[in-house]
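So this block is model.txt, compact mmCIF, C-alpha atoms:
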# COMPACT_ATOMS: atom_id res chain seq x y z
CA MET A 1 79.28 96.30 94.74
CA ASN A 2 82.93 96.82 95.62
CA TYR A 3 84.02 97.86 99.11
CA LEU A 4 87.45 98.93 100.31
CA ALA A 5 88.79 97.17 103.39
CA TYR A 6 91.72 98.30 105.53
CA ASP A 7 93.23 96.34 108.42
CA VAL A 8 95.35 98.81 110.39
CA GLY A 9 98.07 97.30 112.58
CA GLY A 10 101.13 98.54 114.41
CA SER A 11 103.59 97.36 111.76
CA SER A 12 101.55 97.15 108.55
CA VAL A 13 98.24 98.15 106.99
CA LYS A 14 96.61 95.44 104.89
CA TYR A 15 93.98 96.28 102.28
CA ALA A 16 91.73 94.62 99.73
CA LEU A 17 88.61 94.92 97.64
CA VAL A 18 85.67 92.97 99.03
CA ASP A 19 82.38 92.30 97.25
CA GLU A 20 78.95 91.76 98.83
CA GLN A 21 79.50 87.98 98.94
CA GLY A 22 82.72 88.35 100.91
CA ASN A 23 85.15 87.61 98.09
CA LEU A 24 88.52 89.38 98.35
CA ALA A 25 90.61 90.75 95.50
CA ASN A 26 93.61 93.04 94.97
CA LYS A 27 95.06 92.30 98.39
CA GLY A 28 98.14 94.23 99.42
CA SER A 29 99.81 96.04 102.29
CA PHE A 30 102.04 98.96 103.20
CA VAL A 31 104.24 99.69 106.20
CA THR A 32 102.28 101.54 108.86
CA PRO A 33 103.28 105.22 108.57
CA ALA A 34 104.88 107.06 111.45
CA SER A 35 102.56 110.09 111.26
CA LEU A 36 98.88 110.78 110.75
CA ASP A 37 99.44 112.83 107.59
CA ASP A 38 101.43 110.02 106.01
CA PHE A 39 98.73 107.55 107.09
CA TYR A 40 96.09 109.61 105.27
CA THR A 41 98.34 109.84 102.20
CA GLU A 42 98.83 106.06 101.96
CA VAL A 43 95.15 105.28 102.58
CA VAL A 44 94.09 107.70 99.81
CA LYS A 45 96.73 106.30 97.45
CA VAL A 46 95.31 102.78 97.86
CA CYS A 47 91.80 104.11 97.25
CA GLN A 48 92.89 105.79 94.04
CA GLN A 49 94.69 102.69 92.81
CA LEU A 50 91.89 100.23 93.54
CA GLY A 51 89.19 102.65 92.43
CA LYS A 52 90.47 102.93 88.87
CA GLY A 53 87.80 101.69 86.48
CA ARG A 54 85.36 100.63 89.20
CA GLU A 55 82.87 102.20 91.56
CA LEU A 56 83.66 101.93 95.26
CA THR A 57 80.67 101.90 97.60
CA GLY A 58 82.41 102.57 100.89
CA ALA A 59 85.43 101.79 103.08
CA GLY A 60 85.62 99.67 106.21
CA PHE A 61 88.49 100.00 108.67
CA SER A 62 89.70 97.45 111.22
CA MET A 63 91.42 99.51 113.92
CA PRO A 64 93.16 98.89 117.26
CA GLY A 65 91.78 100.49 120.40
CA ALA A 66 88.34 101.25 121.82
CA VAL A 67 86.62 102.06 118.54
CA ASP A 68 83.34 104.00 118.64
CA ASN A 69 81.88 104.01 115.15
CA GLU A 70 79.02 106.31 116.11
CA SER A 71 81.19 109.15 117.36
CA GLY A 72 84.02 108.34 114.98
CA VAL A 73 86.53 108.46 117.84
CA ILE A 74 88.97 105.75 118.92
CA GLY A 75 89.57 105.77 122.68
CA GLY A 76 91.95 103.70 124.75
CA SER A 77 95.51 103.25 123.54
CA SER A 78 97.44 101.30 120.93
CA ALA A 79 100.78 101.21 119.17
CA LEU A 80 99.49 104.07 116.97
CA ASP A 81 99.09 107.11 119.19
CA TYR A 82 98.00 109.31 116.29
CA ILE A 83 94.69 107.54 115.61
CA HIS A 84 93.21 108.24 119.07
CA ASP A 85 90.91 110.81 120.68
CA PHE A 86 89.57 112.76 117.70
CA PRO A 87 86.93 112.04 115.00
CA ILE A 88 89.20 110.09 112.65
CA LYS A 89 86.27 108.38 110.94
CA GLN A 90 84.95 111.69 109.64
CA ALA A 91 88.45 112.73 108.57
CA LEU A 92 88.88 109.51 106.58
CA ALA A 93 85.44 109.83 104.97
CA ALA A 94 86.26 113.39 103.84
CA ARG A 95 89.58 112.35 102.32
CA LEU A 96 88.23 109.24 100.58
CA GLY A 97 85.02 110.87 99.45
CA MET A 98 82.86 107.92 100.46
CA PRO A 99 81.08 106.46 103.50
CA VAL A 100 83.42 105.00 106.12
CA SER A 101 82.84 102.57 108.97
CA MET A 102 85.37 101.46 111.57
CA GLU A 103 85.47 98.71 114.15
CA ASN A 104 87.92 97.27 116.67
CA ASP A 105 90.31 94.72 115.16
CA ALA A 106 89.24 91.74 117.32
CA ASN A 107 85.60 92.59 116.66
CA CYS A 108 86.34 92.70 112.93
CA ALA A 109 87.92 89.26 113.04
CA ALA A 110 84.82 87.93 114.79
CA LEU A 111 82.51 89.59 112.25
CA GLY A 112 84.55 88.21 109.34
CA GLU A 113 84.24 84.68 110.71
CA ALA A 114 80.55 85.22 111.47
CA TRP A 115 79.95 86.40 107.90
CA THR A 116 81.63 83.75 105.76
CA GLY A 117 83.91 81.77 108.05
CA SER A 118 83.65 79.22 110.85
CA GLY A 119 80.78 81.13 112.47
CA ARG A 120 78.62 81.56 109.39
CA ASP A 121 75.99 79.05 110.54
CA TYR A 122 75.53 80.62 113.98
CA ASP A 123 73.84 83.81 115.20
CA SER A 124 75.44 83.92 118.66
CA LEU A 125 79.18 83.54 119.04
CA ALA A 126 82.03 84.22 121.42
CA TYR A 127 85.41 84.81 119.80
CA PHE A 128 88.85 84.44 121.39
CA VAL A 129 92.04 85.54 119.70
CA VAL A 130 95.10 84.07 121.41
CA GLY A 131 98.44 85.71 120.73
CA THR A 132 100.54 88.28 122.59
CA GLY A 133 97.58 88.48 124.95
CA VAL A 134 93.96 87.37 124.70
CA GLY A 135 91.41 89.48 122.87
CA GLY A 136 87.85 88.67 122.10
CA ALA A 137 84.40 89.61 120.93
CA VAL A 138 80.77 88.77 121.61
CA VAL A 139 78.47 88.41 118.61
CA HIS A 140 74.67 88.35 118.81
CA ASP A 141 72.45 88.20 115.72
CA LYS A 142 75.63 88.69 113.64
CA LYS A 143 76.30 92.00 115.43
CA ILE A 144 78.97 92.93 117.96
CA ILE A 145 77.94 93.57 121.56
CA HIS A 146 80.15 96.53 122.42
CA GLY A 147 79.02 97.45 125.92
CA PRO A 148 78.77 101.05 127.20
CA HIS A 149 82.57 101.27 127.66
CA GLN A 150 83.50 99.55 124.34
CA HIS A 151 84.89 96.61 126.33
CA GLY A 152 82.45 93.88 125.40
CA GLY A 153 84.36 90.65 124.76
CA GLU A 154 87.59 91.74 126.44
CA PHE A 155 88.08 88.23 127.81
CA GLY A 156 91.78 88.85 128.39
CA TYR A 157 90.93 90.94 131.46
CA MET A 158 89.28 88.03 133.30
CA VAL A 159 90.96 87.24 136.64
CA MET A 160 91.95 83.58 136.59
CA ASN A 161 93.52 82.64 139.94
CA ASP A 162 94.25 83.67 143.53
CA GLU A 163 97.28 85.67 142.35
CA TYR A 164 94.91 87.91 140.35
CA GLU A 165 96.63 87.04 137.10
CA ILE A 166 94.50 87.85 134.07
CA LEU A 167 93.83 85.58 131.11
CA SER A 168 96.06 87.62 128.79
CA GLU A 169 99.03 86.69 130.98
CA VAL A 170 98.29 83.04 131.77
CA GLY A 171 96.18 81.97 128.77
CA SER A 172 98.13 83.36 125.81
CA THR A 173 101.15 82.30 123.81
CA GLY A 174 102.75 85.66 124.60
CA GLY A 175 102.23 85.04 128.29
CA LEU A 176 103.62 81.54 127.89
CA CYS A 177 106.85 82.95 126.46
CA ARG A 178 107.11 85.71 129.06
CA GLN A 179 106.59 83.27 131.94
CA LEU A 180 109.25 80.88 130.66
CA ALA A 181 111.71 83.72 130.16
CA LYS A 182 111.10 84.85 133.73
CA LEU A 183 111.69 81.33 135.04
CA ARG A 184 114.97 81.09 133.11
CA ASN A 185 116.01 84.63 134.04
CA VAL A 186 116.50 85.65 130.42
CA PRO A 187 115.15 88.64 128.44
CA GLU A 188 111.37 88.67 127.98
CA ASP A 189 111.58 88.34 124.20
CA THR A 190 113.91 85.29 124.24
CA TYR A 191 111.27 82.76 123.16
CA ASP A 192 108.40 82.54 120.71
CA GLY A 193 105.46 80.17 120.97
CA ARG A 194 106.87 77.67 118.50
CA GLN A 195 110.08 77.36 120.51
CA VAL A 196 108.19 76.73 123.74
CA TYR A 197 106.19 73.93 122.10
CA GLU A 198 109.38 72.41 120.68
CA MET A 199 110.97 72.51 124.13
CA ALA A 200 107.90 70.80 125.59
CA ALA A 201 108.09 68.08 122.92
CA GLN A 202 111.72 67.50 123.88
CA GLY A 203 110.75 66.93 127.52
CA ASP A 204 111.27 70.36 129.07
CA ALA A 205 109.17 70.17 132.26
CA ASP A 206 108.72 73.95 132.64
CA ALA A 207 107.49 74.33 129.06
CA GLN A 208 105.11 71.38 129.46
CA ARG A 209 103.68 72.77 132.70
CA LEU A 210 103.16 76.25 131.30
CA ILE A 211 101.44 74.93 128.17
CA ASP A 212 99.19 72.75 130.33
CA ASN A 213 98.36 75.76 132.50
CA MET A 214 97.52 77.84 129.43
CA TYR A 215 95.05 75.21 128.23
CA GLU A 216 93.53 74.94 131.70
CA TYR A 217 92.96 78.68 131.98
CA LEU A 218 91.49 78.89 128.47
CA ALA A 219 89.16 76.01 129.37
CA ARG A 220 87.99 77.86 132.49
CA ALA A 221 87.37 80.97 130.42
CA VAL A 222 85.41 78.94 127.86
CA TYR A 223 83.28 77.37 130.59
CA ASN A 224 82.58 80.75 132.20
CA ILE A 225 81.64 82.39 128.89
CA GLN A 226 79.38 79.47 127.97
CA TYR A 227 77.45 79.88 131.20
CA THR A 228 77.47 83.68 131.07
CA TYR A 229 76.43 84.32 127.48
CA ASP A 230 75.47 80.80 126.26
CA PRO A 231 76.72 81.18 122.67
CA GLU A 232 76.00 78.59 119.99
CA ALA A 233 79.74 78.31 119.30
CA ILE A 234 83.03 79.66 120.59
CA LEU A 235 85.68 80.47 117.98
CA PHE A 236 89.43 80.61 118.45
CA GLY A 237 91.76 82.68 116.30
CA GLY A 238 95.45 83.52 116.41
CA ALA A 239 98.31 81.48 114.98
CA ILE A 240 98.11 78.86 117.72
CA SER A 241 94.51 78.02 116.83
CA SER A 242 95.71 76.29 113.65
CA ARG A 243 97.55 73.64 115.69
CA PRO A 244 95.65 70.35 115.35
CA ASP A 245 96.06 69.65 119.09
CA PHE A 246 94.86 73.08 120.29
CA ILE A 247 91.06 72.68 120.31
CA PRO A 248 91.19 69.03 121.52
CA ALA A 249 93.43 70.06 124.44
CA ILE A 250 90.97 72.72 125.58
CA ASN A 251 87.99 70.40 125.02
CA ALA A 252 89.59 67.75 127.25
CA ARG A 253 89.99 70.24 130.08
CA VAL A 254 86.49 71.65 129.63
CA GLN A 255 85.18 68.10 129.97
CA LYS A 256 87.03 67.73 133.29
CA ILE A 257 85.48 70.99 134.52
CA LEU A 258 82.00 69.78 133.55
CA GLU A 259 82.58 66.50 135.38
CA LYS A 260 83.78 68.26 138.54
CA VAL A 261 80.97 70.82 138.53
CA GLY A 262 78.42 68.08 138.02
CA VAL A 263 75.30 70.18 137.42
CA ALA A 264 76.62 71.74 134.18
CA ARG A 265 75.26 69.93 131.12
CA VAL A 266 75.89 72.31 128.22
CA VAL A 267 79.05 71.32 126.37
CA PRO A 268 80.69 74.32 124.64
CA LYS A 269 81.17 73.96 120.88
CA LEU A 270 84.74 75.05 120.05
CA LEU A 271 85.87 75.85 116.51
CA SER A 272 89.09 77.13 114.96
CA CYS A 273 88.79 80.19 112.77
CA GLN A 274 88.89 79.77 109.01
CA HIS A 275 89.99 83.06 107.47
CA GLY A 276 93.31 83.76 109.22
CA ASN A 277 94.69 87.19 108.36
CA ASP A 278 91.77 87.90 106.00
CA ALA A 279 89.18 87.86 108.81
CA ASN A 280 89.80 91.50 109.79
CA LEU A 281 89.39 92.71 106.21
CA LEU A 282 86.14 90.81 105.82
CA GLY A 283 84.88 91.98 109.18
CA ALA A 284 85.62 95.62 108.37
CA VAL A 285 83.32 95.34 105.37
CA ALA A 286 80.71 93.33 107.27
CA SER A 287 80.65 96.14 109.84
CA LEU A 288 80.30 98.73 107.07
CA ILE A 289 77.36 96.85 105.51
CA LYS A 290 75.62 96.40 108.87
CA SER A 291 76.08 100.06 109.77
CA GLY A 292 74.12 101.08 106.68
CA ALA A 293 76.74 103.72 105.96
CA HIS A 294 77.36 102.56 102.38
File written out as structure tokens:
Amino acid sequence: MNYLAYDVGGSSVKYALVDEQGNLANKGSFVTPASLDDFYTEVVKVCQQLGKGRELTGAGFSMPGAVDNESGVIGGSSALDYIHDFPIKQALAARLGMPVSMENDANCAALGEAWTGSGRDYDSLAYFVVGTGVGGAVVHDKKIIHGPHQHGGEFGYMVMNDEYEILSEVGSTGGLCRQLAKLRNVPEDTYDGRQVYEMAAQGDADAQRLIDNMYEYLARAVYNIQYTYDPEAILFGGAISSRPDFIPAINARVQKILEKVGVARVVPKLLSCQHGNDANLLGAVASLIKSGAH
């Protein structure tokens, strides 16, 4: 079987063919259109191109926002205003002429890793994606726990300190850059994560402190999730997760928390994600297969 996968983002839409074993082929992308009509046009064009000479079983979409696959409506907000608050799933299915499933982008990444990636050997997982903010997902029996408000796994909203700062601000690379820019009284977009790490390596005390704080807050979040949900493993995605020192740095701080708490004996198992930018495409198809829509 061949499935279509779309990963819809604010700047580009990635796509691919995915088979039932999770193998990807014919990967490509197009610039995210500025209007809904143009979005439909580009999505259909890809379907026609990849469908030549082969049968397509269904299409899975990784989407931003509070995605409700049952109603077909995406709530919340995102960089793409035109995808929200109407049954877009049904509209896509009508235009493509095949079953469609859609899932939140962070949830798709978690499902992709749970299917064939770092989480393939586990049934219960927590997933963190660390970037501009902190996103996440909770996986049980290879399925996403959405919650009644579609906010299951939104770890970035966790309050982390007495100043009521949330994890997305103090535990993300985006937050790291914004905090340093504020300290230096420069525009918010002055730094990227790589620059902050380079500054820390060169002895910049502010950069070192902020990086250390980020690891500490992520470690606290990991500890809290372990003792709230008790997953078999906790996965980390986002560009920073590929740094060889990232997981060890969080592990070291988790160990300090365990020692200070004393009664806590379960040591969280932390893993870096395997599929990178392909995880969302794989997860979109995994969601489609699990929904039974194909």
Which distance in Å separates atom CA of Asp141 of chain A and atom CA of Trp115 of chain A, to one decimal?
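Between atom CA of Asp141 of chain A and atom CA of Trp115 of chain A the gap is 11.0 Å.
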Quick one: distance from atom CA of Ala181 of chain A to atom CA of Gly203 of chain A in Å, one decimal?
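Going from atom CA of Ala181 of chain A over to atom CA of Gly203 of chain A, I get 17.0 Å.
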Mind checking which residues fall within 10 Å of Asp81 of chain A, counting only C-alpha atoms, ignoring those fewer than 6 positions away in the same chain, and posting them as JSON, numbers by chain?
{"A": [34, 35, 36, 65]}
Residue contacts of Asp123 of chain A (9 Å, all atoms listed in the file) excluding same-chain residues fewer than 6 positions away, as a PyMOL selection string
chain A and resi 114+139-143+231-232
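If all atoms listed in the file are the atoms counted, then among A:Ala109, A:Val67, A:Ile83, A:Val134 the closest residue to Asp38 of chain A is A:Ile83.
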Can you pull out every residue within 9 Å of Arg220 of chain A, counting only C-alpha atoms, but drop anything in the same chain fewer than 5 positions away, and send it as an mmCIF file with C-alpha atoms, keeping the file's coordinate frame?
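So the final result, stored in selection-v1.cif, reads:
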data_model
loop_
_atom_site.group_PDB
_atom_site.id
_atom_site.type_symbol
_atom_site.label_atom_id
_atom_site.label_comp_id
_atom_site.auth_asym_id
_atom_site.auth_seq_id
_atom_site.Cartn_x
_atom_site.Cartn_y
_atom_site.Cartn_z
ATOM 1 C CA MET A 160 91.950 83.580 136.590
ATOM 2 C CA TYR A 215 95.050 75.210 128.230
ATOM 3 C CA ILE A 225 81.640 82.390 128.890
ATOM 4 C CA ARG A 253 89.990 70.240 130.080
ATOM 5 C CA VAL A 254 86.490 71.650 129.630
ATOM 6 C CA ILE A 257 85.480 70.990 134.520
#
Around (109.9, 81.8, 121.4), as given in the file, which residues come within 10 Å? Count only C-alpha atoms and list them as a list in words.
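Checked against the point, the hits come out as Thr173, Gly174, Leu176, Cys177, Arg178, Leu180, Ala181, Glu188, Asp189, Thr190, Tyr191, Asp192, Gly193, Arg194, Gln195, Val196, Tyr197, Glu198 and Met199 of chain A.
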Would you mind reading off the distance between atom CA of Leu24 of chain A and atom CA of Ile289 of chain A, one decimal, in Å?
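We find that atom CA of Leu24 of chain A and atom CA of Ile289 of chain A lie 15.2 Å from each other.
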Excluding segment 273-288 of chain A and its own-chain neighbours fewer than 4 positions away, which residues fall within 6 Å of it when counting all atoms listed in the file? Please give them as JSON, numbers by chain.
{"A": [5, 7, 60, 61, 62, 101, 108, 109, 111, 112, 117, 118, 236, 237]}
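For the residues A:Phe155, A:Phe30, A:Tyr217, A:Phe86, ranking by smallest atom-to-atom distance to Tyr6 of chain A using all atoms listed in the file places A:Phe30 first.
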With distances taken over all atoms listed in the file, which residue among A:Asp206, A:Asp105, A:Asp245, A:Glu259 lies nearest Gly136 of chain A?
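Going through A:Asp206, A:Asp105, A:Asp245, A:Glu259 one by one, the smallest distance to Gly136 of chain A is for A:Asp105.
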Find the residues near Gln90 of chain A: any atom within 10 Å, counting only C-alpha atoms, skip ones fewer than 5 places away on the same chain, and give them as a list in words.
Asn69, Ser71, Gly72, Val73, Arg95, Leu96, Pro99, Val100 and Ser101 of chain A
